[in-house]
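Listing of start_31.csv, CSV, N, CA and C atoms
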chain,number,residue,atom,x,y,z
A,1,MET,N,-2.1,9.6,-14.0
A,1,MET,CA,-1.9,10.4,-12.8
A,1,MET,C,-0.9,9.7,-11.9
A,2,GLY,N,-0.3,10.5,-11.0
A,2,GLY,CA,0.8,9.9,-10.2
A,2,GLY,C,0.5,10.1,-8.7
A,3,TRP,N,1.5,9.8,-7.9
A,3,TRP,CA,1.3,10.0,-6.5
A,3,TRP,C,1.3,11.4,-6.2
A,4,GLY,N,0.6,11.8,-5.1
A,4,GLY,CA,0.6,13.1,-4.6
A,4,GLY,C,1.3,13.1,-3.2
A,5,ILE,N,2.1,14.1,-2.9
A,5,ILE,CA,2.8,14.1,-1.6
A,5,ILE,C,2.2,15.3,-0.8
A,6,ARG,N,1.6,15.0,0.3
A,6,ARG,CA,1.0,16.1,1.1
A,6,ARG,C,2.1,16.6,2.1
A,7,ALA,N,2.4,17.8,2.0
A,7,ALA,CA,3.4,18.4,2.8
A,7,ALA,C,3.1,18.3,4.3
A,8,GLY,N,4.2,18.1,5.1
A,8,GLY,CA,4.1,18.2,6.5
A,8,GLY,C,3.9,16.8,7.2
A,9,ASP,N,3.1,15.9,6.6
A,9,ASP,CA,2.9,14.6,7.2
A,9,ASP,C,3.5,13.4,6.5
A,10,PHE,N,4.3,13.7,5.5
A,10,PHE,CA,5.0,12.6,4.7
A,10,PHE,C,4.1,11.5,4.2
A,11,THR,N,2.9,11.9,3.8
A,11,THR,CA,1.9,11.0,3.2
A,11,THR,C,2.0,11.0,1.7
A,12,ILE,N,2.1,9.9,1.1
A,12,ILE,CA,2.1,9.8,-0.4
A,12,ILE,C,0.7,9.2,-0.7
A,13,LEU,N,-0.1,10.0,-1.5
A,13,LEU,CA,-1.4,9.7,-1.9
A,13,LEU,C,-1.5,9.0,-3.2
A,14,SER,N,-2.1,7.8,-3.3
A,14,SER,CA,-2.2,7.1,-4.6
A,14,SER,C,-3.3,7.8,-5.4
A,15,SER,N,-3.3,7.6,-6.7
A,15,SER,CA,-4.3,8.2,-7.5
A,15,SER,C,-4.5,7.2,-8.7
A,16,ARG,N,-5.3,7.6,-9.6
A,16,ARG,CA,-5.6,6.7,-10.8
A,16,ARG,C,-4.3,6.4,-11.5
A,17,GLY,N,-4.3,5.2,-12.1
A,17,GLY,CA,-3.1,4.8,-12.9
A,17,GLY,C,-2.2,3.9,-12.2
A,18,ASN,N,-1.3,3.3,-13.0
A,18,ASN,CA,-0.3,2.4,-12.5
A,18,ASN,C,1.0,3.2,-12.3
A,19,ASP,N,1.4,3.5,-11.1
A,19,ASP,CA,2.5,4.3,-10.8
A,19,ASP,C,3.6,3.6,-10.2
A,20,THR,N,4.8,4.1,-10.4
A,20,THR,CA,6.0,3.5,-9.7
A,20,THR,C,6.7,4.6,-8.9
A,21,TYR,N,6.9,4.2,-7.6
A,21,TYR,CA,7.6,5.2,-6.7
A,21,TYR,C,8.9,4.6,-6.3
A,22,ASN,N,10.0,5.3,-6.5
A,22,ASN,CA,11.3,4.8,-6.2
A,22,ASN,C,11.8,5.4,-4.9
A,23,SER,N,12.7,4.6,-4.3
A,23,SER,CA,13.2,5.0,-3.0
A,23,SER,C,14.0,6.3,-3.1
A,24,GLY,N,14.1,7.0,-2.0
A,24,GLY,CA,14.8,8.2,-1.9
A,24,GLY,C,16.2,8.0,-1.3
A,25,VAL,N,16.5,8.9,-0.4
A,25,VAL,CA,17.9,8.9,0.2
A,25,VAL,C,18.0,7.7,1.1
A,26,ASN,N,19.2,7.0,1.0
A,26,ASN,CA,19.5,5.9,1.9
A,26,ASN,C,18.5,4.8,1.9
A,27,GLY,N,17.8,4.6,0.8
A,27,GLY,CA,16.9,3.5,0.7
A,27,GLY,C,15.5,3.7,1.3
A,28,HIS,N,15.3,5.0,1.7
A,28,HIS,CA,13.9,5.3,2.2
A,28,HIS,C,13.1,5.7,1.0
A,29,ILE,N,11.8,5.5,1.1
A,29,ILE,CA,10.9,5.9,0.1
A,29,ILE,C,10.9,7.4,0.0
A,30,PHE,N,11.0,8.1,1.1
A,30,PHE,CA,10.9,9.5,1.1
A,30,PHE,C,12.2,10.0,1.8
A,31,VAL,N,12.5,11.2,1.6
A,31,VAL,CA,13.7,11.8,2.2
A,31,VAL,C,13.6,11.7,3.7
A,32,GLN,N,12.4,11.9,4.2
A,32,GLN,CA,12.2,11.7,5.7
A,32,GLN,C,12.3,10.2,6.0
A,33,ASP,N,12.3,9.9,7.3
A,33,ASP,CA,12.5,8.5,7.6
A,33,ASP,C,11.3,7.6,7.4
A,34,GLN,N,10.1,8.1,7.5
A,34,GLN,CA,8.9,7.3,7.3
A,34,GLN,C,8.0,7.9,6.2
A,35,ALA,N,7.4,7.0,5.5
A,35,ALA,CA,6.4,7.4,4.5
A,35,ALA,C,5.1,6.6,4.7
A,36,ILE,N,4.0,7.2,4.5
A,36,ILE,CA,2.7,6.5,4.6
A,36,ILE,C,2.1,6.5,3.2
A,37,LEU,N,1.9,5.3,2.6
A,37,LEU,CA,1.3,5.2,1.3
A,37,LEU,C,-0.2,5.1,1.5
A,38,GLN,N,-1.0,6.1,1.1
A,38,GLN,CA,-2.4,6.1,1.5
A,38,GLN,C,-3.2,5.9,0.2
A,39,TYR,N,-4.2,5.0,0.3
A,39,TYR,CA,-5.1,4.7,-0.8
A,39,TYR,C,-6.5,5.2,-0.5
A,40,TYR,N,-7.2,5.8,-1.4
A,40,TYR,CA,-8.5,6.3,-1.3
A,40,TYR,C,-9.5,5.5,-2.2
A,41,LEU,N,-10.7,5.4,-1.8
A,41,LEU,CA,-11.7,4.8,-2.7
A,41,LEU,C,-12.1,5.9,-3.7
A,42,ILE,N,-11.7,5.6,-5.0
A,42,ILE,CA,-11.9,6.6,-6.1
A,42,ILE,C,-13.1,6.1,-6.9
A,43,ASP,N,-13.2,4.8,-7.1
A,43,ASP,CA,-14.2,4.2,-8.0
A,43,ASP,C,-14.5,2.8,-7.4
A,44,LEU,N,-15.7,2.7,-6.8
A,44,LEU,CA,-16.1,1.4,-6.2
A,44,LEU,C,-16.2,0.3,-7.3
A,45,ASN,N,-16.5,0.7,-8.5
A,45,ASN,CA,-16.7,-0.3,-9.6
A,45,ASN,C,-15.4,-0.8,-10.2
A,46,ASP,N,-14.3,-0.2,-9.8
A,46,ASP,CA,-13.0,-0.6,-10.3
A,46,ASP,C,-12.4,-1.6,-9.3
A,47,PRO,N,-11.8,-2.8,-9.7
A,47,PRO,CA,-11.3,-3.7,-8.7
A,47,PRO,C,-10.3,-3.2,-7.8
A,48,THR,N,-9.5,-2.2,-8.2
A,48,THR,CA,-8.5,-1.6,-7.3
A,48,THR,C,-9.0,-0.3,-6.6
A,49,GLY,N,-10.3,-0.1,-6.7
A,49,GLY,CA,-10.9,1.1,-6.1
A,49,GLY,C,-10.6,2.3,-6.9
A,50,GLY,N,-10.1,2.1,-8.1
A,50,GLY,CA,-9.7,3.3,-9.0
A,50,GLY,C,-8.2,3.7,-8.8
A,51,ASN,N,-7.5,2.9,-8.0
A,51,ASN,CA,-6.1,3.3,-7.8
A,51,ASN,C,-5.0,2.7,-8.7
A,52,GLY,N,-5.4,1.8,-9.6
A,52,GLY,CA,-4.5,1.2,-10.4
A,52,GLY,C,-3.6,0.2,-9.6
A,53,SER,N,-2.5,-0.2,-10.2
A,53,SER,CA,-1.6,-1.2,-9.6
A,53,SER,C,-0.3,-0.5,-9.5
A,54,ASP,N,0.1,-0.1,-8.3
A,54,ASP,CA,1.4,0.6,-8.1
A,54,ASP,C,2.5,-0.3,-7.7
A,55,VAL,N,3.7,0.3,-7.9
A,55,VAL,CA,5.0,-0.4,-7.6
A,55,VAL,C,5.8,0.5,-6.7
A,56,VAL,N,6.4,0.0,-5.6
A,56,VAL,CA,7.2,0.7,-4.7
A,56,VAL,C,8.6,0.0,-4.6
A,57,ASN,N,9.6,0.8,-4.9
A,57,ASN,CA,11.0,0.3,-4.7
A,57,ASN,C,11.5,1.0,-3.4
A,58,GLY,N,12.0,0.2,-2.5
A,58,GLY,CA,12.6,0.8,-1.3
A,58,GLY,C,11.7,0.8,-0.1
A,59,PHE,N,10.6,0.1,-0.1
A,59,PHE,CA,9.7,0.0,1.1
A,59,PHE,C,10.4,-0.7,2.2
A,60,ILE,N,10.3,-0.2,3.5
A,60,ILE,CA,10.9,-0.8,4.6
A,60,ILE,C,9.8,-1.2,5.6
A,61,VAL,N,9.7,-2.5,5.8
A,61,VAL,CA,8.7,-3.1,6.7
A,61,VAL,C,9.2,-3.0,8.1
A,62,GLY,N,8.2,-2.6,9.0
A,62,GLY,CA,8.5,-2.5,10.4
A,62,GLY,C,7.4,-1.8,11.2
A,63,ASN,N,7.5,-1.8,12.5
A,63,ASN,CA,6.5,-1.1,13.3
A,63,ASN,C,6.9,0.4,13.3
A,64,ILE,N,6.0,1.2,12.8
A,64,ILE,CA,6.3,2.7,12.7
A,64,ILE,C,6.4,3.3,14.0
A,65,ASN,N,5.9,2.7,15.1
A,65,ASN,CA,6.0,3.3,16.4
A,65,ASN,C,7.3,3.0,17.1
A,66,THR,N,8.0,1.9,16.6
A,66,THR,CA,9.3,1.6,17.2
A,66,THR,C,10.5,1.6,16.3
A,67,ASN,N,10.2,1.7,15.0
A,67,ASN,CA,11.2,1.7,14.0
A,67,ASN,C,11.1,3.0,13.1
A,68,ALA,N,12.0,3.9,13.3
A,68,ALA,CA,12.0,5.2,12.7
A,68,ALA,C,12.1,5.1,11.2
A,69,ASN,N,12.6,4.0,10.7
A,69,ASN,CA,12.8,3.8,9.2
A,69,ASN,C,11.6,3.1,8.5
A,70,ALA,N,10.7,2.6,9.3
A,70,ALA,CA,9.6,1.8,8.7
A,70,ALA,C,8.6,2.7,8.0
A,71,ASP,N,8.0,2.1,6.9
A,71,ASP,CA,7.0,2.7,6.1
A,71,ASP,C,5.6,2.1,6.4
A,72,LYS,N,4.6,2.7,5.9
A,72,LYS,CA,3.2,2.3,6.3
A,72,LYS,C,2.3,2.3,5.0
A,73,ILE,N,1.4,1.3,4.9
A,73,ILE,CA,0.4,1.3,3.9
A,73,ILE,C,-0.9,1.6,4.6
A,74,ASP,N,-1.7,2.5,4.1
A,74,ASP,CA,-3.0,2.8,4.8
A,74,ASP,C,-4.1,2.6,3.7
A,75,LEU,N,-4.9,1.5,4.0
A,75,LEU,CA,-6.0,1.1,3.1
A,75,LEU,C,-7.3,1.4,3.7
A,76,THR,N,-7.3,2.1,4.8
A,76,THR,CA,-8.6,2.4,5.6
A,76,THR,C,-9.7,3.0,4.7
A,77,ASP,N,-9.4,4.1,4.0
A,77,ASP,CA,-10.4,4.7,3.2
A,77,ASP,C,-10.8,3.8,2.0
A,78,LEU,N,-9.8,3.1,1.4
A,78,LEU,CA,-10.1,2.2,0.3
A,78,LEU,C,-11.1,1.1,0.7
A,79,LEU,N,-11.0,0.6,1.9
A,79,LEU,CA,-11.8,-0.5,2.4
A,79,LEU,C,-13.1,0.0,3.0
A,80,SER,N,-13.3,1.3,3.0
A,80,SER,CA,-14.5,1.9,3.8
A,80,SER,C,-15.8,1.4,3.3
A,81,ALA,N,-15.9,1.0,2.0
A,81,ALA,CA,-17.2,0.5,1.5
A,81,ALA,C,-17.4,-1.0,1.8
A,82,THR,N,-16.4,-1.7,2.3
A,82,THR,CA,-16.5,-3.1,2.5
A,82,THR,C,-17.3,-3.4,3.8
A,83,THR,N,-17.8,-4.6,3.9
A,83,THR,CA,-18.5,-5.0,5.1
A,83,THR,C,-17.7,-6.0,5.8
A,84,GLY,N,-17.9,-6.1,7.1
A,84,GLY,CA,-17.2,-7.1,7.9
A,84,GLY,C,-15.8,-6.7,8.3
A,85,ASN,N,-15.0,-7.7,8.5
A,85,ASN,CA,-13.6,-7.4,8.9
A,85,ASN,C,-12.8,-7.0,7.7
A,86,HIS,N,-12.1,-5.8,7.8
A,86,HIS,CA,-11.3,-5.3,6.7
A,86,HIS,C,-10.2,-6.3,6.3
A,87,GLY,N,-9.7,-7.1,7.2
A,87,GLY,CA,-8.7,-8.1,6.9
A,87,GLY,C,-9.1,-9.2,6.0
A,88,ASP,N,-10.4,-9.4,5.9
A,88,ASP,CA,-11.0,-10.4,4.9
A,88,ASP,C,-10.9,-9.9,3.5
A,89,HIS,N,-10.7,-8.6,3.3
A,89,HIS,CA,-10.7,-8.0,2.0
A,89,HIS,C,-9.3,-7.6,1.5
A,90,VAL,N,-8.3,-8.0,2.3
A,90,VAL,CA,-6.9,-7.8,1.9
A,90,VAL,C,-6.1,-9.1,1.8
A,91,SER,N,-5.3,-9.2,0.8
A,91,SER,CA,-4.4,-10.4,0.7
A,91,SER,C,-3.0,-9.9,0.4
A,92,VAL,N,-2.1,-10.5,1.1
A,92,VAL,CA,-0.6,-10.2,1.0
A,92,VAL,C,0.0,-11.5,0.6
A,93,THR,N,0.6,-11.6,-0.6
A,93,THR,CA,1.3,-12.8,-1.1
A,93,THR,C,2.7,-12.4,-1.7
A,94,THR,N,3.5,-13.4,-1.9
A,94,THR,CA,4.8,-13.1,-2.5
A,94,THR,C,4.8,-13.7,-3.9
A,95,SER,N,5.6,-13.0,-4.7
A,95,SER,CA,5.8,-13.5,-6.1
A,95,SER,C,7.2,-13.2,-6.5
A,96,GLY,N,8.0,-14.2,-6.6
A,96,GLY,CA,9.5,-14.0,-6.8
A,96,GLY,C,10.0,-13.3,-5.6
A,97,ALA,N,10.7,-12.2,-5.9
A,97,ALA,CA,11.3,-11.4,-4.8
A,97,ALA,C,10.4,-10.3,-4.3
A,98,ASN,N,9.2,-10.3,-4.7
A,98,ASN,CA,8.3,-9.2,-4.4
A,98,ASN,C,7.1,-9.6,-3.5
A,99,THR,N,6.5,-8.6,-2.8
A,99,THR,CA,5.2,-8.8,-2.1
A,99,THR,C,4.1,-8.1,-2.8
A,100,LEU,N,3.0,-8.8,-3.0
A,100,LEU,CA,1.8,-8.2,-3.7
A,100,LEU,C,0.7,-7.9,-2.6
A,101,VAL,N,0.2,-6.7,-2.6
A,101,VAL,CA,-0.9,-6.3,-1.7
A,101,VAL,C,-2.1,-6.2,-2.6
A,102,SER,N,-3.1,-7.0,-2.3
A,102,SER,CA,-4.3,-7.0,-3.1
A,102,SER,C,-5.5,-6.8,-2.3
A,103,VAL,N,-6.6,-6.3,-2.9
A,103,VAL,CA,-7.9,-6.1,-2.2
A,103,VAL,C,-9.0,-6.7,-3.0
A,104,ASP,N,-10.1,-7.1,-2.2
A,104,ASP,CA,-11.3,-7.6,-2.7
A,104,ASP,C,-12.4,-6.7,-2.2
A,105,LEU,N,-12.7,-5.7,-3.0
A,105,LEU,CA,-13.7,-4.7,-2.5
A,105,LEU,C,-15.1,-5.2,-2.4
A,106,LYS,N,-15.5,-6.1,-3.3
A,106,LYS,CA,-16.9,-6.6,-3.4
A,106,LYS,C,-17.1,-7.8,-2.5
A,107,GLY,N,-16.1,-8.4,-2.0
A,107,GLY,CA,-16.2,-9.6,-1.1
A,107,GLY,C,-16.6,-10.8,-1.9
A,108,ASP,N,-16.2,-10.9,-3.2
A,108,ASP,CA,-16.6,-12.0,-4.0
A,108,ASP,C,-15.4,-13.0,-4.3
A,109,GLY,N,-14.3,-12.7,-3.6
A,109,GLY,CA,-13.1,-13.6,-3.7
A,109,GLY,C,-12.2,-13.2,-4.9
A,110,ASN,N,-12.5,-12.2,-5.6
A,110,ASN,CA,-11.7,-11.7,-6.7
A,110,ASN,C,-10.8,-10.6,-6.2
A,111,PHE,N,-9.5,-10.9,-5.9
A,111,PHE,CA,-8.6,-9.9,-5.4
A,111,PHE,C,-7.9,-9.2,-6.6
A,112,ALA,N,-7.6,-7.9,-6.5
A,112,ALA,CA,-6.9,-7.2,-7.5
A,112,ALA,C,-5.7,-6.5,-6.8
A,113,THR,N,-4.5,-6.6,-7.4
A,113,THR,CA,-3.3,-6.1,-6.8
A,113,THR,C,-3.3,-4.6,-6.9
A,114,VAL,N,-3.2,-3.9,-5.8
A,114,VAL,CA,-3.1,-2.4,-5.7
A,114,VAL,C,-1.6,-2.0,-5.5
A,115,LEU,N,-0.8,-2.9,-5.0
A,115,LEU,CA,0.6,-2.4,-4.7
A,115,LEU,C,1.6,-3.6,-4.7
A,116,THR,N,2.7,-3.4,-5.4
A,116,THR,CA,3.8,-4.4,-5.4
A,116,THR,C,4.9,-3.8,-4.7
A,117,LEU,N,5.4,-4.4,-3.7
A,117,LEU,CA,6.6,-4.0,-3.0
A,117,LEU,C,7.8,-4.8,-3.5
A,118,ASN,N,8.6,-4.1,-4.4
A,118,ASN,CA,9.7,-4.8,-5.0
A,118,ASN,C,10.8,-5.1,-4.0
A,119,ASN,N,11.3,-6.3,-4.1
A,119,ASN,CA,12.4,-6.8,-3.3
A,119,ASN,C,12.1,-6.8,-1.8
A,120,VAL,N,10.8,-7.1,-1.5
A,120,VAL,CA,10.4,-7.2,-0.1
A,120,VAL,C,9.6,-8.5,0.0
A,121,HIS,N,9.9,-9.3,1.0
A,121,HIS,CA,9.1,-10.5,1.4
A,121,HIS,C,8.5,-10.2,2.8
A,122,THR,N,7.2,-10.2,2.8
A,122,THR,CA,6.6,-9.9,4.1
A,122,THR,C,5.2,-10.5,4.1
A,123,THR,N,4.5,-10.4,5.2
A,123,THR,CA,3.2,-11.0,5.4
A,123,THR,C,2.2,-9.9,5.8
A,124,LEU,N,0.9,-10.2,5.7
A,124,LEU,CA,-0.1,-9.3,6.2
A,124,LEU,C,0.1,-9.0,7.7
A,125,ALA,N,0.4,-10.0,8.5
A,125,ALA,CA,0.6,-9.8,9.9
A,125,ALA,C,1.8,-8.8,10.1
A,126,ALA,N,2.9,-9.0,9.4
A,126,ALA,CA,4.0,-8.1,9.5
A,126,ALA,C,3.6,-6.6,9.1
A,127,LEU,N,2.8,-6.5,8.1
A,127,LEU,CA,2.5,-5.2,7.6
A,127,LEU,C,1.5,-4.5,8.6
A,128,THR,N,0.6,-5.3,9.3
A,128,THR,CA,-0.4,-4.7,10.2
A,128,THR,C,0.1,-4.7,11.6
A,129,GLY,N,1.2,-5.3,11.9
A,129,GLY,CA,1.7,-5.4,13.3
A,129,GLY,C,0.9,-6.4,14.1
A,130,ALA,N,0.2,-7.3,13.4
A,130,ALA,CA,-0.6,-8.3,14.2
A,130,ALA,C,0.3,-9.4,14.7
Show me the file's structure as structure tokens.
Amino acid sequence: MGWGIRAGDFTILSSRGNDTYNSGVNGHIFVQDQAILQYYLIDLNDPTGGNGSDVVNGFIVGNINTNANADKIDLTDLLSATTGNHGDHVSVTTSGANTLVSVDLKGDGNFATVLTLNNVHTTLAALTGA
């Protein structure tokens, strides 16, 4: 299964499987200036919540309120079954030229990568605006 694109709000919905999403016009993920990559809890027993491990080429880091070109990752629904601070269940690390976004849905310290941002070096603080 692949990404779904919901018309009107420029949201790209993740689904089962390992998907690759390539940048659109002028380096943007989507033809429009901003894209929201949204993850849902599909399967609590799957380490990625049933979303697989996706790859994005052309992700632009920035504050979506002040940067019209910035993209967003929304893990709110994916983390809905976790307890405590959602930030404790998300890890952002770099590997080579890429950033890996991983989740620990069970709170047992076992993180699974749900998203690789190719050719992007960033931090959890930069992605969340903290």
Which residue, A:Ala70, A:Leu100, A:Leu105, A:Ala125, has the smallest gap to A:Asp46 when you use all atoms listed in the file?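 Of all the options, A:Leu105 lies closest to A:Asp46.
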Using only C-alpha atoms, what table do you get, as a Markdown table, when you list each residue of stretch 100-125 of chain A with an atom no more than 8 Å from stretch 72-95 of chain A, its nearest pair of atoms, and their distance in Å rounded to one decimal, rows by chain then rising number?
| residue | atom | partner | partner_atom | distance |
| --- | --- | --- | --- | --- |
| A:Leu100 | CA | A:Thr93 | CA | 5.3 |
| A:Val101 | CA | A:Val92 | CA | 4.8 |
| A:Ser102 | CA | A:Ser91 | CA | 5.1 |
| A:Val103 | CA | A:Val90 | CA | 4.5 |
| A:Asp104 | CA | A:His89 | CA | 4.8 |
| A:Leu105 | CA | A:Thr82 | CA | 5.9 |
| A:Lys106 | CA | A:Thr82 | CA | 6.9 |
| A:Gly107 | CA | A:His89 | CA | 6.5 |
| A:Phe111 | CA | A:Ser91 | CA | 7.4 |
| A:His121 | CA | A:Thr94 | CA | 6.4 |
| A:Thr122 | CA | A:Thr94 | CA | 7.6 |
| A:Thr123 | CA | A:Val92 | CA | 5.9 |
| A:Leu124 | CA | A:Val92 | CA | 5.3 |
Atom N of A:Ile64 to atom N of A:Asp19, straight-line distance in Å: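 If I compute the distance from atom N of A:Asp19 to atom N of A:Ile64, I get 24.4 Å.
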Which of stretch 14-101 of chain A end up as strand (DSSP E) when DSSP is run on this backbone - answer as a PyMOL selection string? chain A and resi 20-21+36-38+54-57+72-74+90-95+98-101
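Minimum distance to A:Val114 across A:Thr128, A:Thr48, A:Thr66, A:Asn57 (counting only N, CA and C atoms) occurs at A:Thr48.
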In Å, rounded to a single decimal, give me how far atom CA of A:Thr11 is from atom N of A:Pro47.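 Answer for the atom N of A:Pro47 to atom CA of A:Thr11 separation: 23.3 Å.
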Between atom N of A:Thr116 and atom N of A:Leu44 - distance in Å to one decimal: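 Atom N of A:Thr116 lies 19.4 Å from atom N of A:Leu44.
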Of A:Asp54, A:Leu13, A:Asn63, A:Gly49, the one nearest to A:Leu115 when counting only C-alpha atoms is A:Asp54
From the options A:Ser14, A:Asp43, A:Gly62, A:Gly52, which residue's atoms come nearest to A:Ala126, counting all atoms listed in the file? A:Gly62
Which of these, A:Gly109, A:Gly50, A:Gly58, A:Leu41, has the shortest distance to A:Asn22 once you count only N, CA and C atoms? A:Gly58
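Ranking A:Asn65, A:Asn51, A:Gln34, A:Thr20 by their shortest atom-to-atom distance to A:Leu117, with only C-alpha atoms included, puts A:Thr20 first.
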